$ cat input_24.cif   # mmCIF, C-alpha atoms and all ligand atoms
data_my_file
#
loop_
_atom_site.label_atom_id
_atom_site.label_comp_id
_atom_site.auth_asym_id
_atom_site.auth_seq_id
_atom_site.Cartn_x
_atom_site.Cartn_y
_atom_site.Cartn_z
CA MET A 507 -40.76 1.37 0.64
CA ASP A 508 -39.61 -2.14 -0.23
CA LEU A 509 -40.65 -3.69 -3.51
CA LYS A 510 -41.96 -7.15 -4.31
CA PHE A 511 -41.69 -8.31 -7.91
CA GLY A 512 -42.46 -11.88 -8.88
CA GLN A 513 -40.73 -14.13 -6.34
CA TYR A 514 -38.30 -11.42 -5.31
CA TRP A 515 -38.23 -8.83 -2.62
CA LEU A 516 -36.03 -5.75 -2.80
CA ARG A 517 -35.40 -4.48 0.72
CA ARG A 518 -34.20 -0.95 0.09
CA SER A 519 -33.37 0.02 3.66
CA GLU A 520 -31.27 -3.12 4.15
CA ARG A 521 -29.95 -3.04 0.57
CA GLN A 522 -30.85 -6.70 0.17
CA LEU A 523 -32.45 -8.79 -2.54
CA LEU A 524 -34.38 -11.77 -1.25
CA GLY A 525 -35.63 -14.76 -3.22
CA LEU A 526 -37.59 -17.83 -2.16
CA GLU A 527 -34.46 -19.39 -0.66
CA GLY A 528 -33.43 -16.27 1.22
CA GLN A 529 -30.90 -13.58 0.53
CA LEU A 530 -29.30 -13.45 -2.91
CA GLU A 531 -25.73 -12.33 -3.62
CA LEU A 532 -25.72 -8.93 -5.26
CA SER A 533 -22.96 -6.32 -5.46
CA ALA A 534 -23.71 -2.77 -4.32
CA ARG A 535 -23.66 -1.46 -7.90
CA SER A 536 -25.92 -4.24 -9.18
CA PHE A 537 -28.34 -3.41 -6.37
CA ASP A 538 -28.40 0.25 -7.45
CA ILE A 539 -28.97 -0.69 -11.09
CA LEU A 540 -31.84 -3.01 -10.19
CA SER A 541 -33.36 -0.36 -7.93
CA LEU A 542 -33.30 2.18 -10.74
CA LEU A 543 -34.77 -0.21 -13.32
CA LEU A 544 -37.56 -1.24 -10.93
CA SER A 545 -38.45 2.38 -10.22
CA LYS A 546 -39.63 2.75 -13.84
CA PRO A 547 -40.97 -0.61 -15.01
CA ASP A 548 -41.23 -1.08 -18.79
CA GLU A 549 -39.42 2.21 -19.36
CA VAL A 550 -36.07 2.35 -21.11
CA ILE A 551 -33.36 3.61 -18.76
CA GLY A 552 -30.56 5.07 -20.83
CA LYS A 553 -26.94 4.05 -20.24
CA ALA A 554 -26.04 7.67 -19.46
CA GLU A 555 -28.64 7.79 -16.69
CA LEU A 556 -27.46 4.46 -15.28
CA PHE A 557 -23.84 5.67 -15.20
CA ASP A 558 -24.90 9.02 -13.68
CA VAL A 559 -26.91 7.46 -10.87
CA VAL A 560 -24.84 4.37 -10.10
CA TRP A 561 -21.34 5.71 -10.69
CA ALA A 562 -21.89 9.41 -9.96
CA GLY A 563 -18.76 11.43 -10.69
CA MET A 564 -16.71 8.39 -11.70
CA VAL A 565 -15.27 7.42 -15.05
CA VAL A 566 -16.03 3.78 -15.80
CA GLU A 567 -15.74 1.50 -18.79
CA GLU A 568 -19.00 0.74 -20.59
CA ASN A 569 -18.15 -2.93 -20.12
CA THR A 570 -18.63 -2.50 -16.37
CA LEU A 571 -22.35 -1.89 -16.84
CA GLN A 572 -22.64 -5.02 -18.98
CA VAL A 573 -20.92 -7.06 -16.28
CA HIS A 574 -23.50 -5.95 -13.71
CA ILE A 575 -26.46 -6.45 -16.06
CA SER A 576 -25.24 -9.95 -16.77
CA ALA A 577 -24.82 -10.66 -13.03
CA LEU A 578 -28.40 -9.45 -12.45
CA ARG A 579 -29.71 -11.65 -15.26
CA LYS A 580 -28.03 -14.68 -13.68
CA THR A 581 -29.62 -13.86 -10.32
CA LEU A 582 -33.16 -13.05 -11.54
CA ASP A 583 -35.68 -15.02 -13.61
CA ALA A 584 -35.12 -14.96 -17.37
CA GLY A 585 -36.64 -12.02 -19.25
CA MET A 586 -36.73 -9.56 -16.36
CA ILE A 587 -34.12 -7.23 -17.85
CA THR A 588 -34.36 -6.43 -21.54
CA THR A 589 -31.66 -4.78 -23.64
CA VAL A 590 -32.91 -1.97 -25.86
CA HIS A 591 -30.16 -1.84 -28.44
CA GLY A 592 -28.33 1.45 -28.73
CA ARG A 593 -30.34 2.96 -25.86
CA GLY A 594 -30.20 1.11 -22.58
CA TYR A 595 -32.12 -1.41 -20.51
CA LYS A 596 -35.61 -1.84 -19.15
CA TYR A 597 -37.24 -3.93 -16.46
CA THR A 598 -39.76 -6.26 -18.10
CA GLY A 599 -40.70 -8.62 -15.25
CA PRO A 600 -43.88 -8.80 -13.14
CA GLN A 601 -45.19 -5.42 -11.96
CA PRO A 602 -43.30 -4.36 -8.81
CA VAL A 603 -45.55 -3.80 -5.77
CA ALA A 604 -44.63 -1.58 -2.83
CA VAL A 605 -44.77 -3.50 0.44
CA SER A 606 -44.44 -2.53 4.06
CA THR A 607 -41.29 -3.60 5.87
CA ASP A 608 -43.46 -4.24 8.92
CA LEU A 609 -43.59 -8.00 9.51
CA ASN A 610 -46.30 -7.75 12.16
CA PRO A 611 -48.96 -10.34 11.10
CA GLY A 612 -51.68 -7.94 12.24
CA ASN A 613 -50.67 -5.44 9.61
CA PRO A 614 -52.74 -6.06 6.45
CA ALA A 615 -50.07 -4.38 4.32
CA GLY A 616 -47.32 -6.50 5.85
CA VAL A 617 -45.74 -9.22 3.78
CA ALA A 618 -46.12 -11.76 6.59
CA ALA A 619 -49.89 -11.27 6.54
CA SER A 620 -50.27 -12.35 2.93
CA ASP A 621 -50.16 -15.78 1.31
CA GLU A 622 -46.99 -14.82 -0.50
CA PRO A 623 -43.78 -16.74 0.24
CA HIS A 624 -41.88 -15.45 3.27
CA PRO A 625 -38.33 -15.00 2.16
CA MET A 626 -37.42 -13.29 5.41
CA LEU A 627 -38.75 -16.17 7.48
CA ALA A 628 -37.09 -18.73 5.24
CA MET A 629 -33.82 -16.97 5.92
CA SER A 630 -34.20 -17.24 9.67
CA SER A 631 -34.92 -20.95 9.38
CA GLY A 632 -31.32 -21.43 8.34
CA LYS A 633 -31.72 -21.84 4.60
CA LYS A 634 -29.32 -19.01 3.91
CA VAL A 635 -26.01 -20.47 2.80
CA PRO A 636 -23.03 -18.80 4.49
CA ILE A 637 -19.94 -17.79 2.59
CA THR A 638 -16.83 -19.64 3.76
CA GLY A 639 -13.11 -19.42 3.18
CA GLY A 640 -9.69 -19.75 4.69
CA CYS A 641 -5.96 -19.83 4.15
CA LEU A 642 -3.86 -22.17 2.04
CA CYS A 643 -2.86 -24.55 4.85
CA GLY A 644 -6.27 -24.70 6.52
CA GLU A 645 -5.18 -23.37 9.95
CA ILE A 646 -7.54 -20.43 9.51
CA ARG A 647 -11.17 -20.73 8.44
CA TYR A 648 -13.89 -18.09 8.39
CA ARG A 649 -17.61 -17.84 7.78
CA ILE A 650 -19.55 -14.82 6.46
CA THR A 651 -23.30 -14.45 6.83
CA GLU A 652 -24.00 -11.37 4.70
CA PRO A 653 -23.26 -10.64 1.04
CA ALA A 654 -20.30 -8.47 0.04
CA LEU A 655 -20.88 -4.70 0.02
CA ASP A 656 -18.29 -4.09 -2.68
CA THR A 657 -15.45 -5.79 -4.56
CA CYS A 658 -12.50 -4.04 -6.16
CA PHE A 659 -9.04 -4.45 -7.61
CA CYS A 660 -6.21 -2.79 -5.73
CA HIS A 661 -2.92 -2.09 -7.47
CA CYS A 662 -1.30 -0.21 -4.61
CA ARG A 663 2.29 -0.98 -3.64
CA MET A 664 1.27 -2.19 -0.20
CA CYS A 665 -1.16 -4.70 -1.65
CA GLN A 666 1.53 -5.76 -4.11
CA LYS A 667 4.02 -6.30 -1.27
CA PHE A 668 1.50 -7.94 1.04
CA SER A 669 0.29 -10.44 -1.54
CA GLY A 670 3.39 -10.84 -3.69
CA SER A 671 1.09 -10.28 -6.66
CA PRO A 672 0.75 -7.45 -9.19
CA PHE A 673 -2.63 -6.58 -7.66
CA THR A 674 -5.17 -7.84 -5.16
CA VAL A 675 -8.92 -8.31 -5.35
CA GLY A 676 -10.80 -7.74 -2.13
CA SER A 677 -14.44 -7.76 -1.01
CA VAL A 678 -15.73 -5.56 1.78
CA TYR A 679 -18.08 -7.17 4.31
CA ALA A 680 -19.71 -5.93 7.49
CA SER A 681 -17.26 -6.93 10.23
CA ASP A 682 -19.93 -8.42 12.45
CA ALA A 683 -20.99 -10.75 9.62
CA ILE A 684 -17.53 -12.39 9.68
CA SER A 685 -16.49 -14.98 12.24
CA PHE A 686 -13.30 -17.01 12.38
CA THR A 687 -14.35 -20.61 12.89
CA LYS A 688 -10.79 -21.94 13.12
CA GLY A 689 -7.65 -20.03 14.11
CA GLU A 690 -7.19 -16.26 13.86
CA PRO A 691 -5.12 -14.26 11.39
CA LYS A 692 -1.87 -12.73 12.64
CA LEU A 693 -2.21 -8.96 12.33
CA TYR A 694 0.27 -6.45 10.97
CA LYS A 695 -0.31 -2.71 11.32
CA SER A 696 0.44 -1.66 7.75
CA SER A 697 -0.55 1.99 8.07
CA PRO A 698 -1.51 4.33 10.87
CA PHE A 699 -5.19 3.50 10.44
CA ALA A 700 -5.40 -0.05 9.16
CA GLU A 701 -4.07 -3.53 9.68
CA ARG A 702 -3.66 -6.58 7.52
CA GLY A 703 -4.18 -10.17 8.59
CA PHE A 704 -2.45 -13.28 7.31
CA CYS A 705 -1.90 -16.89 8.29
CA ALA A 706 1.18 -17.15 10.51
CA LYS A 707 1.78 -20.69 9.28
CA CYS A 708 1.35 -20.49 5.49
CA GLY A 709 1.47 -16.73 4.90
CA SER A 710 -1.81 -16.44 2.99
CA SER A 711 -3.13 -12.86 2.73
CA LEU A 712 -6.56 -12.83 4.33
CA ILE A 713 -7.87 -9.48 5.53
CA TYR A 714 -7.47 -5.70 5.59
CA ARG A 715 -9.41 -3.69 8.16
CA PRO A 716 -9.48 -0.33 9.94
CA LEU A 717 -7.81 -0.02 13.34
CA THR A 718 -9.71 0.85 16.51
CA PRO A 719 -10.37 3.66 17.28
CA PRO A 720 -11.35 4.52 13.69
CA VAL A 721 -9.59 7.38 11.93
CA SER A 722 -13.00 8.60 10.69
CA PRO A 723 -16.59 7.29 10.79
CA ASP A 724 -16.13 5.68 7.37
CA TRP A 725 -13.29 3.55 8.72
CA GLU A 726 -15.37 1.44 11.00
CA GLY A 727 -17.47 -1.67 10.93
CA TRP A 728 -16.09 -3.25 7.79
CA THR A 729 -13.43 -5.81 6.90
CA LEU A 730 -11.99 -6.48 3.50
CA ILE A 731 -11.47 -10.15 2.70
CA TYR A 732 -9.01 -11.01 -0.06
CA THR A 733 -11.29 -12.85 -2.44
CA GLY A 734 -8.69 -15.45 -3.39
CA SER A 735 -9.17 -16.91 0.10
CA LEU A 736 -12.91 -17.50 -0.41
CA ASP A 737 -13.91 -21.11 -1.09
CA ASN A 738 -15.90 -19.80 -4.05
CA PRO A 739 -14.42 -16.50 -5.22
CA VAL A 740 -16.14 -16.58 -8.63
CA ALA A 741 -19.22 -14.66 -7.48
CA ASN A 742 -17.20 -11.65 -6.27
CA VAL A 743 -16.80 -9.61 -9.44
CA PRO A 744 -14.64 -6.48 -9.00
CA THR A 745 -16.40 -3.29 -10.05
CA TRP A 746 -13.57 -0.78 -9.88
CA HIS A 747 -9.81 -0.26 -9.58
CA LEU A 748 -7.92 1.33 -6.71
CA GLY A 749 -4.23 2.30 -6.59
CA VAL A 750 -3.98 2.65 -10.35
CA GLU A 751 -0.91 4.85 -9.99
CA SER A 752 1.02 1.67 -9.21
CA GLN A 753 -0.66 -0.52 -11.78
CA MET A 754 1.84 -2.64 -13.69
CA PRO A 755 2.34 -0.95 -17.07
CA TRP A 756 2.02 -4.30 -18.79
CA LEU A 757 -1.27 -5.12 -17.12
CA ASP A 758 -4.16 -4.07 -19.32
CA LEU A 759 -7.38 -5.43 -17.89
CA GLN A 760 -9.38 -3.45 -20.47
CA LEU A 761 -8.00 -5.87 -23.03
CA ALA A 762 -9.92 -8.60 -21.27
CA GLU A 763 -13.20 -7.20 -22.57
CA ARG A 764 -13.33 -9.63 -25.40
CA ARG A 765 -13.70 -13.18 -24.13
CA VAL A 766 -13.71 -16.13 -26.45
CA ARG A 767 -14.13 -19.78 -25.53
CA CYS A 768 -11.76 -22.28 -27.15
CA GLN A 769 -14.68 -23.98 -28.86
CA ASP A 770 -15.72 -20.61 -30.36
CA SER A 771 -12.29 -19.85 -31.75
CA PRO A 772 -12.32 -20.48 -35.52
CA ASP A 773 -8.58 -21.19 -35.48
CA LEU A 774 -8.85 -23.88 -32.79
CA VAL A 775 -11.98 -25.40 -34.28
CA GLU A 776 -10.21 -25.63 -37.62
CA ALA A 777 -7.05 -27.11 -36.09
CA TRP A 778 -8.87 -29.81 -34.13
CA ALA A 779 -11.14 -30.51 -37.07
CA ALA A 780 -8.06 -31.36 -39.09
CA PHE A 781 -7.80 -34.43 -36.82
CA ASN A 782 -11.54 -35.09 -36.97
CA LEU A 783 -11.85 -34.02 -33.33
CA PRO A 784 -13.94 -31.39 -31.56
CA VAL A 785 -12.20 -28.77 -29.43
CA PRO A 786 -11.78 -30.53 -26.05
ZN ZN A 801 -2.47 -21.09 6.67
ZN ZN A 802 -4.04 -1.75 -1.85
#

$ encode --input "input_24.cif" --output "structure tokens"
Amino acid sequence: MDLKFGQYWLRRSERQLLGLEGQLELSARSFDILSLLLSKPDEVIGKAELFDVVWAGMVVEENTLQVHISALRKTLDAGMITTVHGRGYKYTGPQPVAVSTDLNPGNPAGVAASDEPHPMLAMSSGKKVPITGGCLCGEIRYRITEPALDTCFCHCRMCQKFSGSPFTVGSVYASDAISFTKGEPKLYKSSPFAERGFCAKCGSSLIYRPLTPPVSPDWEGWTLIYTGSLDNPVANVPTWHLGVESQMPWLDLQLAERRVRCQDSPDLVEAWAAFNLPVP
């Protein structure tokens, strides 16, 4: 069953969150967290339970959960997710209501039959904003019509070589949601089961995808886009690390947990204040 809560619609089968303007960007893990919170409104869901359900069998930093909760809070109306200090989180928004996925207007339980907003219909009227990106020189441009399924760091040697960087960040999308609107990446078969695409003119790393025929059913239907090539990569927050055996020993992303703005740094505030100036 799908759930409506306030102005939002959680489509479980499609793993989508819709708002009044159409589909909202949500990572797979954030979707799972929201689903769990909505299943027990006004009940505290402990951190242990959240980790068990959302990251079953995986070891993750506690900070990761906070990143997703904060992404959800930015997406939803204020006050829908409440922190219960030392315990966990609870959903504190309007009571979720189970709705039928059947959009037949004759169905009294169907969303389309009610006076509620029609997020699904708004989407088909073209309000949904596509994700766009391309290479450094502009020869290659692409357009994506569905949100990312997952985003991760990869520290593997092949990604290091391919990108010339210590690690890559990539987002997985359904392949049929991606279309190249200008040019096509040049493809390099980098392993027996996958290929990488780049701009033949400027060399930008663009994609990683399974070869056809797929090596297994899991290696089909998706394409990883290197997030640095997105026009707006900020929304694609990595949720996990891959290839950690090759991670640069000097790279400690855990150290990035604490984040301080210049204007919040007592040292900088004091230094600028010595010249009667605010931190710029
Ligand atoms: Zn290019
Ligand atoms: Zn890699």

$ closest_residue --input "input_24.cif" --among "A:Pro653, A:Gly640, A:Gly585, A:Pro739" --to "A:Leu523" --atoms "all atoms listed in the file"
A:Pro653

$ residues_near_ligand --input "input_24.cif" --ligand "ligand ZN 802 (chain A)" --cutoff "8 Å" --atoms "all atoms listed in the file" --output "list in words"
Cys660, His661, Cys662, Arg663, Met664, Cys665, Gln666, Phe673, Thr674, Leu748 and Gly749 of chain A

$ closest_residue --input "input_24.cif" --among "A:Val603, A:Ala741, A:Ile551, A:Leu712" --to "ligand ZN 801 (chain A)" --atoms "only C-alpha atoms and all ligand atoms"
A:Leu712

$ residues_near_point --input "input_24.cif" --point "(-19.8, -11.1, 10.5)" --cutoff "10 Å" --atoms "all atoms listed in the file" --output "PDB file with C-alpha atoms, keeping the file's coordinate frame"
ATOM      1  CA  TYR A 648     -13.890 -18.090   8.390  1.00  0.00           C
ATOM      2  CA  ARG A 649     -17.610 -17.840   7.780  1.00  0.00           C
ATOM      3  CA  ILE A 650     -19.550 -14.820   6.460  1.00  0.00           C
ATOM      4  CA  THR A 651     -23.300 -14.450   6.830  1.00  0.00           C
ATOM      5  CA  GLU A 652     -24.000 -11.370   4.700  1.00  0.00           C
ATOM      6  CA  TYR A 679     -18.080  -7.170   4.310  1.00  0.00           C
ATOM      7  CA  ALA A 680     -19.710  -5.930   7.490  1.00  0.00           C
ATOM      8  CA  SER A 681     -17.260  -6.930  10.230  1.00  0.00           C
ATOM      9  CA  ASP A 682     -19.930  -8.420  12.450  1.00  0.00           C
ATOM     10  CA  ALA A 683     -20.990 -10.750   9.620  1.00  0.00           C
ATOM     11  CA  ILE A 684     -17.530 -12.390   9.680  1.00  0.00           C
ATOM     12  CA  SER A 685     -16.490 -14.980  12.240  1.00  0.00           C
ATOM     13  CA  PHE A 686     -13.300 -17.010  12.380  1.00  0.00           C
ATOM     14  CA  GLY A 727     -17.470  -1.670  10.930  1.00  0.00           C
ATOM     15  CA  TRP A 728     -16.090  -3.250   7.790  1.00  0.00           C
ATOM     16  CA  THR A 729     -13.430  -5.810   6.900  1.00  0.00           C
TER      17      THR A 729
END

$ residues_near_ligand --input "input_24.cif" --ligand "ligand ZN 801 (chain A)" --cutoff "12 Å" --atoms "only C-alpha atoms and all ligand atoms" --output "list in words"
Gly639, Gly640, Cys641, Leu642, Cys643, Gly644, Glu645, Ile646, Arg647, Tyr648, Lys688, Gly689, Glu690, Pro691, Lys692, Gly703, Phe704, Cys705, Ala706, Lys707, Cys708, Gly709, Ser710, Ser711, Leu712 and Ser735 of chain A

$ residues_around --input "input_24.cif" --residues "A:Leu544" --least-positions-apart "3" --cutoff "8 Å" --atoms "all atoms listed in the file" --output "list in words"
Leu540, Ser541, Pro547, Tyr597 and Pro602 of chain A

$ atom_distance --input "input_24.cif" --atom1 "atom CA of A:Asp737" --atom2 "atom CA of A:Arg715"
20.2 Å

$ atom_distance --input "input_24.cif" --atom1 "atom CA of A:Val740" --atom2 "atom CA of A:Gly670"
20.9 Å

$ atom_distance --input "input_24.cif" --atom1 "atom CA of A:Thr745" --atom2 "atom CA of A:Ile539"
12.9 Å

$ closest_residue --input "input_24.cif" --among "A:Ala779, A:Val743, A:Cys658, A:Val559" --to "A:Ser576" --atoms "only C-alpha atoms"
A:Val743

$ closest_residue --input "input_24.cif" --among "A:Gly734, A:Pro698, A:Pro716, A:Gly525" --to "A:Gly676" --atoms "all atoms listed in the file"
A:Gly734

$ axis_aligned_box --input "input_24.cif" --around "stretch 719-724 of chain A" --padding-each-side "3 Å" --output "AutoDock Vina command-line options"
--center_x -13.1 --center_y 6.1 --center_z 12.3 --size_x 13.0 --size_y 10.9 --size_z 15.9

$ closest_residue --input "input_24.cif" --among "A:Trp746, A:Leu736, A:Glu751, A:Trp515" --to "A:Asn569" --atoms "all atoms listed in the file"
A:Trp746

$ residues_around --input "input_24.cif" --residues "A:Thr598" --least-positions-apart "4" --cutoff "10 Å" --atoms "all atoms listed in the file" --output "number ranges by chain"
A: 543-544, 546-550, 584-589

$ closest_residue --input "input_24.cif" --among "A:Leu530, A:Val721, A:Leu783, A:Ala554" --to "A:Arg517" --atoms "only C-alpha atoms"
A:Leu530

$ residues_around --input "input_24.cif" --residues "A:Asp583" --least-positions-apart "6" --cutoff "12 Å" --atoms "all atoms listed in the file" --output "list in words"
Phe511, Gly512, Gln513, Tyr514, Gly525, Leu526, Ala577, Tyr597, Thr598, Gly599 and Pro600 of chain A

$ residues_around --input "input_24.cif" --residues "A:Val590" --least-positions-apart "3" --cutoff "9 Å" --atoms "all atoms listed in the file" --output "list in words"
Val550, Gly552, Arg593, Gly594, Tyr595 and Lys596 of chain A
